[in-house]
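Participant: Structure incoming, see below.
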2 protein chains.
Amino acid sequence: MRFGVNHTPSVGWFHSWLDFSPSDTARDMEQIASLGADHVRIFPLWPVVQPNRTLIRRQALADVATVVDIAGSFGLDVNVDALQGHLSSFDFVPSWLDSWHRRNMFTDPAVVTSTATYVEALAAAVADKPNLLGITIGNEVNQFAHAPHPTPHDITAAQGHAWAAAMVAAARAGLASGVDLEARLGSAPSARPGTGSRTRPLVTVAQYDAAWYDDAQPFGPEHAADHGDATVTHSWVFNGSAALHGALGAGSVRHGEYLLQLAAAWNHDAGRPNWLQEVGAPTNVVDPADAASFTKQTIRHVLDAQDVLGVTWWCSHDVSRSLADFPELEYDLGLFTNDGRLKPAGEAFAALAHEHGTRGRADTTGAVSAPPPATALVLDDVLADGTARGGLRADCAPGGRFAAAWLDLASAAADGRGPQVVLRSRLHDDALLAARGITRCVEVPEGAATALLSVAHPATMA
Amino acid sequence: MRFGVNHTPSVGWFHSWLDFSPSDTARDMEQIASLGADHVRIFPLWPVVQPNRTLIRRQALADVATVVDIAGSFGLDVNVDALQGHLSSFDFVPSWLDSWHRRNMFTDPAVVTSTATYVEALAAAVADKPNLLGITIGNEVNQFAHAPHPTPHDITAAQGHAWAAAMVAAARAGLASGVDLEARLGSAPSARPGTGSRTRPLVTVAQYDAAWYDDAQPFGPEHAADHGDATVTHSWVFNGSAALHGALGAGSVRHGEYLLQLAAAWNHDAGRPNWLQEVGAPTNVVDPADAASFTKQTIRHVLDAQDVLGVTWWCSHDVSRSLADFPELEYDLGLFTNDGRLKPAGEAFAALAHEHGTRGRADTTGAVSAPPPATALVLDDVLADGTARGGLRADCAPGGRFAAAWLDLASAAADGRGPQVVLRSRLHDDALLAARGITRCVEVPEGAATALLSVAHPATMA
């Protein structure tokens, strides 16, 4: 299984794109590599790269490409997220999409076309890098699509699908035509070498967990499972899990595993990789003294799931106390302190990465993890008449009826592994079940409901 | 009288701060200097300089200082605006003041303190430049304080005064302590030379004309006249003037002169300079074929006003058609085309600047213009009982009762000069009237009202 780290630059946080320093980047990457990580995830800021709708800054793309090269020099593959968008409570929306120029970011034709152009250009800028793990179209962009965002760009699920498809297509076009980047940006084509026989980089869609837990969120499970090359999950136990189960309770340290299993239920291809792209130990619900234990237990449980591409910890470095207005937890999410000292959670991560990781021996797509658990819990996605069931996602949220049943089943398992999840609508797809290695389907017991906690994220979401 | 130009960078517009190019800047400045201009006004972007509330980027300040030096090498003085804020329909608000972090930009204590820190640091960064004309606390920041802004930060007039006073104090502190900038930014003090005997740079507060015309706008005439070292006006005839009077009608080509006279009425010091800091020929109401005539007539009328520090044309260069989403008029406001060809309006400006300008012989504060018109029109700012009169500003707006009377009086003047304006509340301040050279006061005739046009600016405001 791949072990990776979300890179939060130690100097200047993501504002460091404004003062890009290869040496600062190299120091961070050297530290991340020392953990035994095989990859990092990096985050350009959208308004910095595309300050006008029709201006994509060549230097900004070059800086991203340089980070990929620097990471590569430390043996790290790199996943590049395009639309930030949102990071650690801060929104970065270009001026051409805000205030007097506010238009729906998911549906306005000019906006979608120009956003796709950015995603394509970014992908093209790194397409020829041998250590490119993939392109994510943006970090939790679904946050902008609904409450509790303060000024959401409301859309329907269908509009979300159209947007995600357009962005994934743009990323793939950029990856395919990287050599033409210069031509498309207006100058002569470069003589860049092709990517040769390298494994195709992944294109992914990242969502915060309202996609799985909030029935009102336009982006849902299908948006994760139907687009791109892997199904991405982000696990944050400040979503109610820790409040309900305690920071080190099973419902917290298995939350990453649970999300991976829940998400996999929507995959149409049994072999589609699942990627726990974000998980961290937020101090608002996890005592710093418990962070190492939380980290260790979380990753051990993730190792029990099948078809896991990897786990990518949030994050590499604590935010500097010299920067204001972050939610308190952001100052202590790093595996390293801001000045580069390894923290106990970092030690725990490193021990597991060295023991179980694939650093130096991974390809970019092989999800090599445990054989699938034979048992699957049935999720009622449809009513008896075959129509979609309302309230499905609330049932799956921490404390919900389905989540509680999954946790009970996981806790009772002889091998300690949580069950897979199968949708009722696919319960009779024998080929799919066989491909997934499911030999036993279990129904959620009657009366399993637990008090449902709100899963609306505060401004503390990462 | 000073002649200046608002610098709109020809390459990359204000996004060029992200890719700062001294040579691009030098080419623009050389062109501006060729017009006979003695100064430029420049506009750092707030989120670029202060991306986190407690992070003021050293390199961004250095870039601003470099622009001041480059301008100086072409004989140009420089006015630096701090809080952009707003430019040509685009808002640039730092992420720490928007969305999840939205707080009132004028009243939140942490925001005001940090904003003042930025203004101070910016002023300090250029304090030792011999060609520093001054610091404006920001371009038309009052746009953010009320409708029609899409998401205004509503305040009272008193809160506006407190904010303006804090920002002016910050700018003055920065100018006074420029040598301490490095120390205040956290590293060792530099050995910068002091400013010696140079004339003190001006600190000013710039407002869009709702300050004069819209009774609901929290920032009003007093905010312009009571803070800083000069009273600033911005004249845009898309505010209804051109619609009412025609692009070349007296109410349009005298709008700059009128605003200067209107604003001067609130000055407590008869000798306080008045600065027409923005005026331009917007093509949504001024046919491009009329731009040169509009420019020439506008400046000739401004030359007739007293105590005018200068006129600063908007703008130096057309916005490139390669940049999207600007209001159409912005692509044609330059005295130069985007690729540096002098336009007819530029020729008109240059002829007047060479004839009447002070390039090479100005100091930074001397308002040297015409002797004051002897006649003043009385503006009813108070009721008979001495209390403030509601609707005052609507009367002053284009088509309003007072504006119409001023225009009639101006048109009838034997010397062609528009009258001064005196507030009813100061009508018996003999010393003030004597100092202003007012020997004849005229009442607005009864029944002078004209149909009032809306002066609410569209998203086309510069």
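Residues in the structure tokens are named by chain (A, B, ... in the order shown) and by number from 1 within that chain; ligands are numbered from 1 in the order shown.
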Select, as number ranges by chain, those residues of chain A with any atom no more than 7 Å from chain B (distances computed using only C-alpha atoms).

Facilitator: A: 15, 51-55, 89-92, 95-96, 99-100, 150, 322-324, 459

Participant: Taking 3 positions as the minimum chain separation for residues in the same chain, which residues sit within 9 Å of Arg41 (chain A) when counting only C-alpha atoms? Answer as a list in words.

Facilitator: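 Surrounding residues, per the criterion: Gly4, Val5, Asn6, His7, Asp77, Val78, Asn79, Val80, Asp81, Leu133, Gln277 and Thr312 of chain A.
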
Participant: Leaving out Glu347 (chain B) and any residue of its chain fewer than 3 positions from it, which residues lie within 8 Å of it when counting only C-alpha atoms, given as a list of chain:residue names?

Facilitator: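 Within the cut-off, the hits are B:Leu35, B:Ala292, B:Leu335, B:Leu342, B:Lys343, B:Pro344, B:Ala350, B:Ala351.
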
Participant: As a short mmCIF file (atom, residue, chain, number, x, y, z; two decimals) with N, CA and C atoms, in the first residue's frame, please: every residue in region 90-295 of chain B that DSSP puts in helix (DSSP H, G or I).

Facilitator:
```cif
data_model
loop_
_atom_site.label_atom_id
_atom_site.label_comp_id
_atom_site.auth_asym_id
_atom_site.auth_seq_id
_atom_site.Cartn_x
_atom_site.Cartn_y
_atom_site.Cartn_z
N SER B 95 -8.15 36.18 1.54
CA SER B 95 -8.96 35.04 1.99
C SER B 95 -9.28 35.13 3.48
N TRP B 96 -8.43 35.86 4.23
CA TRP B 96 -8.66 35.96 5.67
C TRP B 96 -9.77 36.94 6.00
N LEU B 97 -10.39 37.52 4.98
CA LEU B 97 -11.45 38.49 5.20
C LEU B 97 -12.71 38.11 4.43
N SER B 99 -15.53 34.82 2.91
CA SER B 99 -16.11 33.49 3.08
C SER B 99 -16.15 33.09 4.55
N TRP B 100 -15.55 31.96 4.91
CA TRP B 100 -15.59 31.50 6.30
C TRP B 100 -14.96 32.51 7.25
N HIS B 101 -14.08 33.38 6.73
CA HIS B 101 -13.37 34.34 7.58
C HIS B 101 -13.91 35.76 7.43
N PRO B 109 -11.91 44.56 15.15
CA PRO B 109 -10.64 45.08 15.70
C PRO B 109 -9.40 44.40 15.12
N ALA B 110 -9.41 43.08 15.01
CA ALA B 110 -8.23 42.38 14.49
C ALA B 110 -7.99 42.75 13.03
N VAL B 111 -9.08 42.88 12.28
CA VAL B 111 -8.95 43.23 10.87
C VAL B 111 -8.40 44.64 10.71
N VAL B 112 -8.97 45.57 11.47
CA VAL B 112 -8.52 46.97 11.34
C VAL B 112 -7.05 47.10 11.75
N THR B 113 -6.69 46.45 12.83
CA THR B 113 -5.29 46.50 13.28
C THR B 113 -4.36 45.95 12.20
N SER B 114 -4.74 44.82 11.63
CA SER B 114 -3.87 44.19 10.64
C SER B 114 -3.85 44.96 9.33
N THR B 115 -4.99 45.54 8.97
CA THR B 115 -5.04 46.37 7.78
C THR B 115 -4.13 47.59 7.96
N ALA B 116 -4.21 48.19 9.13
CA ALA B 116 -3.33 49.34 9.42
C ALA B 116 -1.86 48.93 9.36
N THR B 117 -1.57 47.74 9.82
CA THR B 117 -0.18 47.26 9.76
C THR B 117 0.30 47.18 8.32
N TYR B 118 -0.58 46.73 7.44
CA TYR B 118 -0.21 46.69 6.02
C TYR B 118 0.02 48.09 5.47
N VAL B 119 -0.92 49.00 5.73
CA VAL B 119 -0.78 50.37 5.23
C VAL B 119 0.53 50.98 5.74
N GLU B 120 0.82 50.74 7.00
CA GLU B 120 2.04 51.28 7.59
C GLU B 120 3.28 50.68 6.93
N ALA B 121 3.26 49.37 6.74
CA ALA B 121 4.43 48.70 6.15
C ALA B 121 4.65 49.17 4.72
N LEU B 122 3.55 49.35 3.98
CA LEU B 122 3.69 49.81 2.60
C LEU B 122 4.27 51.22 2.56
N ALA B 123 3.74 52.07 3.42
CA ALA B 123 4.27 53.44 3.47
C ALA B 123 5.74 53.45 3.86
N ALA B 124 6.07 52.61 4.84
CA ALA B 124 7.47 52.55 5.28
C ALA B 124 8.39 52.06 4.16
N ALA B 125 7.85 51.16 3.34
CA ALA B 125 8.68 50.57 2.27
C ALA B 125 9.11 51.60 1.23
N VAL B 126 8.35 52.68 1.12
CA VAL B 126 8.67 53.70 0.10
C VAL B 126 8.97 55.05 0.74
N VAL B 141 -12.18 52.58 -1.42
CA VAL B 141 -12.53 51.52 -0.48
C VAL B 141 -13.98 51.69 0.01
N ASN B 142 -14.49 52.92 -0.11
CA ASN B 142 -15.88 53.12 0.34
C ASN B 142 -16.88 52.30 -0.46
N GLN B 143 -16.47 51.77 -1.61
CA GLN B 143 -17.37 50.88 -2.35
C GLN B 143 -17.79 49.67 -1.52
N PHE B 144 -16.90 49.24 -0.61
CA PHE B 144 -17.19 48.05 0.18
C PHE B 144 -18.15 48.33 1.33
N ALA B 145 -18.47 49.61 1.54
CA ALA B 145 -19.20 49.97 2.76
C ALA B 145 -20.72 50.02 2.59
N ALA B 157 -21.40 56.29 9.59
CA ALA B 157 -20.46 57.34 9.22
C ALA B 157 -19.37 57.47 10.27
N ALA B 158 -19.76 57.35 11.53
CA ALA B 158 -18.77 57.48 12.62
C ALA B 158 -17.74 56.36 12.54
N GLN B 159 -18.21 55.17 12.23
CA GLN B 159 -17.27 54.06 12.08
C GLN B 159 -16.34 54.29 10.89
N GLY B 160 -16.88 54.91 9.85
CA GLY B 160 -16.04 55.26 8.71
C GLY B 160 -14.96 56.25 9.08
N HIS B 161 -15.32 57.20 9.94
CA HIS B 161 -14.31 58.17 10.40
C HIS B 161 -13.22 57.48 11.21
N ALA B 162 -13.63 56.60 12.10
CA ALA B 162 -12.63 55.91 12.93
C ALA B 162 -11.68 55.10 12.06
N TRP B 163 -12.26 54.43 11.07
CA TRP B 163 -11.42 53.61 10.19
C TRP B 163 -10.47 54.49 9.37
N ALA B 164 -11.00 55.56 8.78
CA ALA B 164 -10.15 56.42 7.96
C ALA B 164 -9.03 57.04 8.80
N ALA B 165 -9.38 57.43 10.01
CA ALA B 165 -8.36 58.03 10.89
C ALA B 165 -7.28 57.01 11.20
N ALA B 166 -7.68 55.78 11.45
CA ALA B 166 -6.70 54.73 11.76
C ALA B 166 -5.78 54.47 10.58
N MET B 167 -6.35 54.46 9.38
CA MET B 167 -5.53 54.19 8.19
C MET B 167 -4.59 55.34 7.88
N VAL B 168 -5.10 56.57 8.03
CA VAL B 168 -4.23 57.73 7.77
C VAL B 168 -3.09 57.76 8.80
N ALA B 169 -3.42 57.47 10.04
CA ALA B 169 -2.37 57.43 11.08
C ALA B 169 -1.33 56.36 10.76
N ALA B 170 -1.82 55.23 10.25
CA ALA B 170 -0.89 54.15 9.92
C ALA B 170 0.03 54.57 8.78
N ALA B 171 -0.53 55.21 7.78
CA ALA B 171 0.30 55.65 6.65
C ALA B 171 1.34 56.67 7.13
N ARG B 172 0.90 57.58 7.98
CA ARG B 172 1.85 58.59 8.49
C ARG B 172 2.93 57.94 9.34
N ALA B 173 2.53 56.98 10.14
CA ALA B 173 3.53 56.29 10.96
C ALA B 173 4.54 55.58 10.06
N GLY B 174 4.06 54.97 9.00
CA GLY B 174 4.96 54.30 8.08
C GLY B 174 5.91 55.26 7.42
N LEU B 175 5.38 56.40 7.00
CA LEU B 175 6.23 57.40 6.35
C LEU B 175 7.28 57.94 7.32
N ALA B 176 6.88 58.08 8.58
CA ALA B 176 7.81 58.64 9.57
C ALA B 176 8.88 57.64 9.98
N GLY B 178 10.06 54.91 8.16
CA GLY B 178 10.48 54.04 7.07
C GLY B 178 11.77 53.31 7.37
N VAL B 179 12.68 53.98 8.06
CA VAL B 179 13.96 53.34 8.32
C VAL B 179 13.81 52.14 9.25
N ASP B 180 12.67 52.06 9.93
CA ASP B 180 12.48 50.96 10.87
C ASP B 180 11.74 49.79 10.25
N LEU B 181 11.45 49.88 8.96
CA LEU B 181 10.63 48.84 8.33
C LEU B 181 11.19 47.45 8.57
N GLU B 182 12.47 47.29 8.30
CA GLU B 182 13.05 45.96 8.42
C GLU B 182 12.91 45.45 9.85
N ALA B 183 13.12 46.37 10.80
CA ALA B 183 13.00 45.96 12.19
C ALA B 183 11.57 45.50 12.47
N ARG B 184 10.61 46.25 11.94
CA ARG B 184 9.23 45.90 12.25
C ARG B 184 8.77 44.65 11.52
N LEU B 185 9.43 44.33 10.43
CA LEU B 185 9.09 43.10 9.74
C LEU B 185 9.85 41.91 10.29
N ALA B 210 -20.12 58.18 -4.76
CA ALA B 210 -21.26 58.04 -3.86
C ALA B 210 -21.04 58.86 -2.59
N ALA B 211 -19.78 59.10 -2.26
CA ALA B 211 -19.48 59.94 -1.09
C ALA B 211 -20.14 61.31 -1.21
N TRP B 212 -20.25 61.79 -2.44
CA TRP B 212 -20.80 63.13 -2.67
C TRP B 212 -22.25 63.10 -3.08
N TYR B 213 -22.70 61.97 -3.63
CA TYR B 213 -23.98 61.94 -4.32
C TYR B 213 -25.02 61.01 -3.71
N PRO B 221 -18.74 63.41 2.37
CA PRO B 221 -17.83 64.53 2.13
C PRO B 221 -16.84 64.75 3.27
N GLU B 222 -17.32 64.61 4.50
CA GLU B 222 -16.43 64.86 5.64
C GLU B 222 -15.28 63.85 5.67
N HIS B 223 -15.54 62.65 5.22
CA HIS B 223 -14.46 61.66 5.21
C HIS B 223 -13.36 62.06 4.24
N ALA B 224 -13.76 62.74 3.18
CA ALA B 224 -12.77 63.20 2.22
C ALA B 224 -12.03 64.43 2.73
N ALA B 225 -12.78 65.30 3.40
CA ALA B 225 -12.20 66.60 3.77
C ALA B 225 -11.52 66.60 5.13
N VAL B 237 -18.15 60.01 -15.55
CA VAL B 237 -19.41 60.53 -16.09
C VAL B 237 -20.41 59.43 -16.45
N PHE B 238 -20.03 58.15 -16.23
CA PHE B 238 -21.06 57.11 -16.36
C PHE B 238 -21.97 57.11 -15.14
N ASN B 239 -21.80 58.06 -14.26
CA ASN B 239 -22.64 58.16 -13.06
C ASN B 239 -23.97 58.83 -13.33
N SER B 241 -24.08 61.67 -15.44
CA SER B 241 -23.76 62.96 -16.06
C SER B 241 -23.88 62.89 -17.57
N ALA B 242 -23.23 61.89 -18.16
CA ALA B 242 -23.23 61.81 -19.61
C ALA B 242 -24.62 61.47 -20.14
N ALA B 243 -25.33 60.61 -19.41
CA ALA B 243 -26.69 60.26 -19.84
C ALA B 243 -27.59 61.49 -19.84
N LEU B 244 -27.38 62.36 -18.88
CA LEU B 244 -28.24 63.54 -18.74
C LEU B 244 -27.82 64.68 -19.66
N HIS B 245 -26.51 64.85 -19.79
CA HIS B 245 -26.02 66.06 -20.48
C HIS B 245 -25.39 65.77 -21.82
N ALA B 250 -21.96 70.29 -21.07
CA ALA B 250 -21.27 70.98 -19.98
C ALA B 250 -21.27 70.15 -18.69
N GLY B 251 -22.40 69.47 -18.45
CA GLY B 251 -22.49 68.67 -17.23
C GLY B 251 -21.55 67.49 -17.22
N SER B 252 -21.01 67.13 -18.37
CA SER B 252 -20.04 66.04 -18.45
C SER B 252 -18.60 66.57 -18.44
N VAL B 253 -18.31 67.49 -19.31
CA VAL B 253 -16.92 67.96 -19.40
C VAL B 253 -16.59 68.90 -18.23
N HIS B 255 -17.72 68.00 -15.17
CA HIS B 255 -18.01 67.19 -13.98
C HIS B 255 -16.80 67.13 -13.05
N GLY B 256 -15.61 67.06 -13.62
CA GLY B 256 -14.42 67.07 -12.77
C GLY B 256 -14.27 68.38 -12.02
N GLU B 257 -14.47 69.47 -12.74
CA GLU B 257 -14.40 70.81 -12.11
C GLU B 257 -15.44 70.92 -10.99
N TYR B 258 -16.66 70.47 -11.30
CA TYR B 258 -17.75 70.54 -10.33
C TYR B 258 -17.41 69.75 -9.06
N LEU B 259 -16.93 68.55 -9.24
CA LEU B 259 -16.58 67.73 -8.07
C LEU B 259 -15.49 68.40 -7.23
N LEU B 260 -14.53 69.00 -7.90
CA LEU B 260 -13.46 69.70 -7.17
C LEU B 260 -14.05 70.84 -6.34
N GLN B 261 -14.97 71.58 -6.93
CA GLN B 261 -15.57 72.69 -6.19
C GLN B 261 -16.49 72.19 -5.08
N LEU B 262 -17.25 71.17 -5.40
CA LEU B 262 -18.15 70.61 -4.39
C LEU B 262 -17.36 70.11 -3.19
N ALA B 263 -16.29 69.38 -3.47
CA ALA B 263 -15.49 68.80 -2.39
C ALA B 263 -14.82 69.89 -1.55
N ALA B 264 -14.34 70.93 -2.23
CA ALA B 264 -13.62 71.99 -1.52
C ALA B 264 -14.49 72.68 -0.48
N PRO B 288 -15.72 56.88 -28.56
CA PRO B 288 -14.26 56.98 -28.71
C PRO B 288 -13.84 58.17 -29.58
N ALA B 289 -14.67 58.52 -30.54
CA ALA B 289 -14.34 59.67 -31.40
C ALA B 289 -14.37 60.98 -30.62
N ASP B 290 -15.07 60.98 -29.48
CA ASP B 290 -15.17 62.19 -28.66
C ASP B 290 -14.18 62.20 -27.50
N ALA B 291 -13.40 61.14 -27.37
CA ALA B 291 -12.56 61.02 -26.17
C ALA B 291 -11.54 62.14 -26.07
N ALA B 292 -10.94 62.50 -27.18
CA ALA B 292 -9.91 63.56 -27.14
C ALA B 292 -10.55 64.89 -26.74
N SER B 293 -11.69 65.17 -27.33
CA SER B 293 -12.37 66.43 -26.99
C SER B 293 -12.81 66.42 -25.53
N PHE B 294 -13.34 65.29 -25.10
CA PHE B 294 -13.75 65.17 -23.71
C PHE B 294 -12.56 65.41 -22.78
N THR B 295 -11.44 64.81 -23.12
CA THR B 295 -10.24 64.95 -22.30
C THR B 295 -9.78 66.40 -22.24
#
```

Participant: Give me, as a list in words, all polymer residues having an atom no more than 6 Å from Thr136 (chain A), counting only C-alpha atoms and skipping those fewer than 3 positions away in the same chain.

Facilitator: Asp81, Val203, Thr204 and Val205 of chain A

Participant: Those same residues - N, CA and C atoms - I'd like them written as a PDB file, in the first residue's frame.

Facilitator:
```
ATOM      1  N   ASP A  81      -3.187  18.677  -7.003  1.00  0.00           N
ATOM      2  CA  ASP A  81      -4.585  19.100  -6.967  1.00  0.00           C
ATOM      3  C   ASP A  81      -4.718  20.448  -7.672  1.00  0.00           C
ATOM      4  N   VAL A 203      -6.336  10.218 -12.542  1.00  0.00           N
ATOM      5  CA  VAL A 203      -7.146  11.427 -12.403  1.00  0.00           C
ATOM      6  C   VAL A 203      -8.220  11.125 -11.362  1.00  0.00           C
ATOM      7  N   THR A 204      -8.368  12.004 -10.397  1.00  0.00           N
ATOM      8  CA  THR A 204      -9.309  11.725  -9.308  1.00  0.00           C
ATOM      9  C   THR A 204     -10.150  12.952  -8.951  1.00  0.00           C
ATOM     10  N   VAL A 205     -11.262  12.665  -8.289  1.00  0.00           N
ATOM     11  CA  VAL A 205     -12.195  13.688  -7.800  1.00  0.00           C
ATOM     12  C   VAL A 205     -12.240  13.547  -6.275  1.00  0.00           C
TER      13      VAL A 205
END
```

Participant: Give me, as a PyMOL selection string, all polymer residues having an atom no more than 12 Å from Arg389 (chain B), counting only C-alpha atoms and skipping those fewer than 2 positions away in the same chain.

Facilitator: chain B and resi 215+379-387+391-395+423-425

Participant: Keeping C-alpha atoms, export the residues of the selection given above as a short mmCIF file (atom, residue, chain, number, x, y, z; two decimals), in the first residue's frame.

Facilitator:
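Writing done, so here's part32.cif:
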```cif
data_model
loop_
_atom_site.label_atom_id
_atom_site.label_comp_id
_atom_site.auth_asym_id
_atom_site.auth_seq_id
_atom_site.Cartn_x
_atom_site.Cartn_y
_atom_site.Cartn_z
CA ASP B 215 -27.02 59.99 1.06
CA LEU B 379 -25.21 74.49 -0.47
CA ASP B 380 -27.92 73.82 2.09
CA ASP B 381 -26.16 71.41 4.39
CA VAL B 382 -28.27 72.42 7.38
CA LEU B 383 -31.87 73.22 8.07
CA ALA B 384 -32.99 76.50 9.56
CA ASP B 385 -32.53 75.07 13.04
CA GLY B 386 -28.92 74.17 12.28
CA THR B 387 -29.43 70.44 12.07
CA GLY B 391 -31.19 64.52 0.90
CA LEU B 392 -28.24 66.88 0.65
CA ARG B 393 -26.18 64.53 -1.43
CA ALA B 394 -28.99 63.62 -3.79
CA ASP B 395 -29.30 67.32 -4.56
CA LEU B 423 -21.88 75.42 2.95
CA ARG B 424 -24.79 77.25 4.53
CA SER B 425 -23.39 76.22 7.91
#
```

Participant: Please identify which residues in region 184-368 of chain A DSSP calls strand (DSSP E or B) from the backbone, and express them as a list in words.

Facilitator: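 DSSP on the backbone gives strand (DSSP E or B) at Leu202, Val203, Thr204, Thr231, Val232, Thr233, His234, Ser235, Asn274, Trp275, Leu276, Gln277, Glu278, Val279, Gln306, Val308, Leu309, Gly310, Val311, Thr312, Trp313, Trp314, His317, Phe336 and Leu342 of chain A.
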
Participant: Keeping N, CA and C atoms for every residue in the selection just given, could you write it to a file as a tab-separated table (two decimals), in the first residue's frame?

Facilitator:
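Just written: out-v7.tsv:
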```tsv
chain	number	residue	atom	x	y	z
A	202	LEU	N	-3.04	8.90	-12.49
A	202	LEU	CA	-4.44	8.83	-12.08
A	202	LEU	C	-5.09	10.20	-12.17
A	203	VAL	N	-6.34	10.22	-12.54
A	203	VAL	CA	-7.15	11.43	-12.40
A	203	VAL	C	-8.22	11.12	-11.36
A	204	THR	N	-8.37	12.00	-10.40
A	204	THR	CA	-9.31	11.73	-9.31
A	204	THR	C	-10.15	12.95	-8.95
A	231	THR	N	-11.47	5.91	-6.41
A	231	THR	CA	-12.48	6.52	-5.55
A	231	THR	C	-11.78	7.09	-4.31
A	232	VAL	N	-11.96	8.39	-4.14
A	232	VAL	CA	-11.20	9.12	-3.12
A	232	VAL	C	-12.07	9.39	-1.90
A	233	THR	N	-11.49	9.20	-0.74
A	233	THR	CA	-12.17	9.57	0.51
A	233	THR	C	-11.25	10.41	1.38
A	234	HIS	N	-11.88	11.30	2.16
A	234	HIS	CA	-11.18	12.14	3.14
A	234	HIS	C	-11.83	11.88	4.49
A	235	SER	N	-11.04	11.48	5.45
A	235	SER	CA	-11.58	11.09	6.77
A	235	SER	C	-11.19	12.11	7.83
A	274	ASN	N	-9.20	2.36	-4.28
A	274	ASN	CA	-9.78	3.29	-3.31
A	274	ASN	C	-8.63	3.99	-2.59
A	275	TRP	N	-8.77	5.27	-2.44
A	275	TRP	CA	-7.66	6.07	-1.94
A	275	TRP	C	-8.13	6.91	-0.75
A	276	LEU	N	-7.56	6.63	0.40
A	276	LEU	CA	-7.80	7.49	1.57
A	276	LEU	C	-6.81	8.64	1.47
A	277	GLN	N	-7.27	9.69	0.79
A	277	GLN	CA	-6.38	10.75	0.34
A	277	GLN	C	-6.09	11.78	1.43
A	278	GLU	N	-6.96	11.82	2.41
A	278	GLU	CA	-6.75	12.69	3.57
A	278	GLU	C	-7.23	11.98	4.81
A	279	VAL	N	-6.40	11.97	5.81
A	279	VAL	CA	-6.82	11.58	7.15
A	279	VAL	C	-5.81	12.21	8.10
A	306	GLN	N	-9.49	-3.78	1.42
A	306	GLN	CA	-9.00	-4.30	0.14
A	306	GLN	C	-8.89	-3.18	-0.90
A	308	VAL	N	-6.85	-0.93	-1.61
A	308	VAL	CA	-6.52	0.42	-1.16
A	308	VAL	C	-5.27	0.89	-1.88
A	309	LEU	N	-5.44	1.92	-2.65
A	309	LEU	CA	-4.29	2.50	-3.35
A	309	LEU	C	-3.27	3.02	-2.36
A	310	GLY	N	-3.79	3.70	-1.33
A	310	GLY	CA	-2.86	4.26	-0.36
A	310	GLY	C	-3.55	5.13	0.65
A	311	VAL	N	-2.76	5.54	1.61
A	311	VAL	CA	-3.22	6.49	2.61
A	311	VAL	C	-2.28	7.69	2.55
A	312	THR	N	-2.87	8.86	2.53
A	312	THR	CA	-2.09	10.09	2.41
A	312	THR	C	-2.43	10.96	3.61
A	313	TRP	N	-1.48	11.06	4.52
A	313	TRP	CA	-1.76	11.71	5.80
A	313	TRP	C	-1.83	13.22	5.64
A	314	TRP	N	-2.74	13.81	6.40
A	314	TRP	CA	-2.77	15.28	6.50
A	314	TRP	C	-2.24	15.64	7.86
A	317	HIS	N	3.53	19.33	7.75
A	317	HIS	CA	4.08	20.28	8.71
A	317	HIS	C	2.99	21.08	9.40
A	336	PHE	N	5.40	16.68	11.22
A	336	PHE	CA	6.54	17.46	11.70
A	336	PHE	C	6.03	18.77	12.31
A	342	LEU	N	10.35	15.89	14.12
A	342	LEU	CA	9.39	14.80	13.95
A	342	LEU	C	8.55	14.67	15.23
```

Participant: I'd like to know which of B:Ser23, B:Thr66, B:Thr375, B:Gln31 is closest to Leu433 (chain B), using only C-alpha atoms.

Facilitator: B:Thr375

Participant: Find, counting only C-alpha atoms, the residue in B:Ala413, B:Ala353, B:Ala376, B:Ala388 that gets nearest to Thr439 (chain B).

Facilitator: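 The answer is B:Ala376, which sits nearest to Thr439 (chain B).
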
Participant: Taking only C-alpha atoms into account, name the residue in A:Ala265, A:Ala345, A:Ala216, A:Ala412 that is nearest to Leu427 (chain A).

Facilitator: A:Ala265

Participant: Choose the residue, out of A:Ala26, A:Ala281, A:Ile155, A:Val302, that has the smallest atom-to-atom separation from Ala71 (chain A); count only C-alpha atoms.

Facilitator: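 Closest to Ala71 (chain A) of all the choices is A:Ala26.
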
Participant: Grab the CA of Leu409 (chain B) to CA of Arg254 (chain B) distance for me, in Å with one decimal place.

Facilitator: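 Answer for the CA of Leu409 (chain B) to CA of Arg254 (chain B) separation: 12.1 Å.
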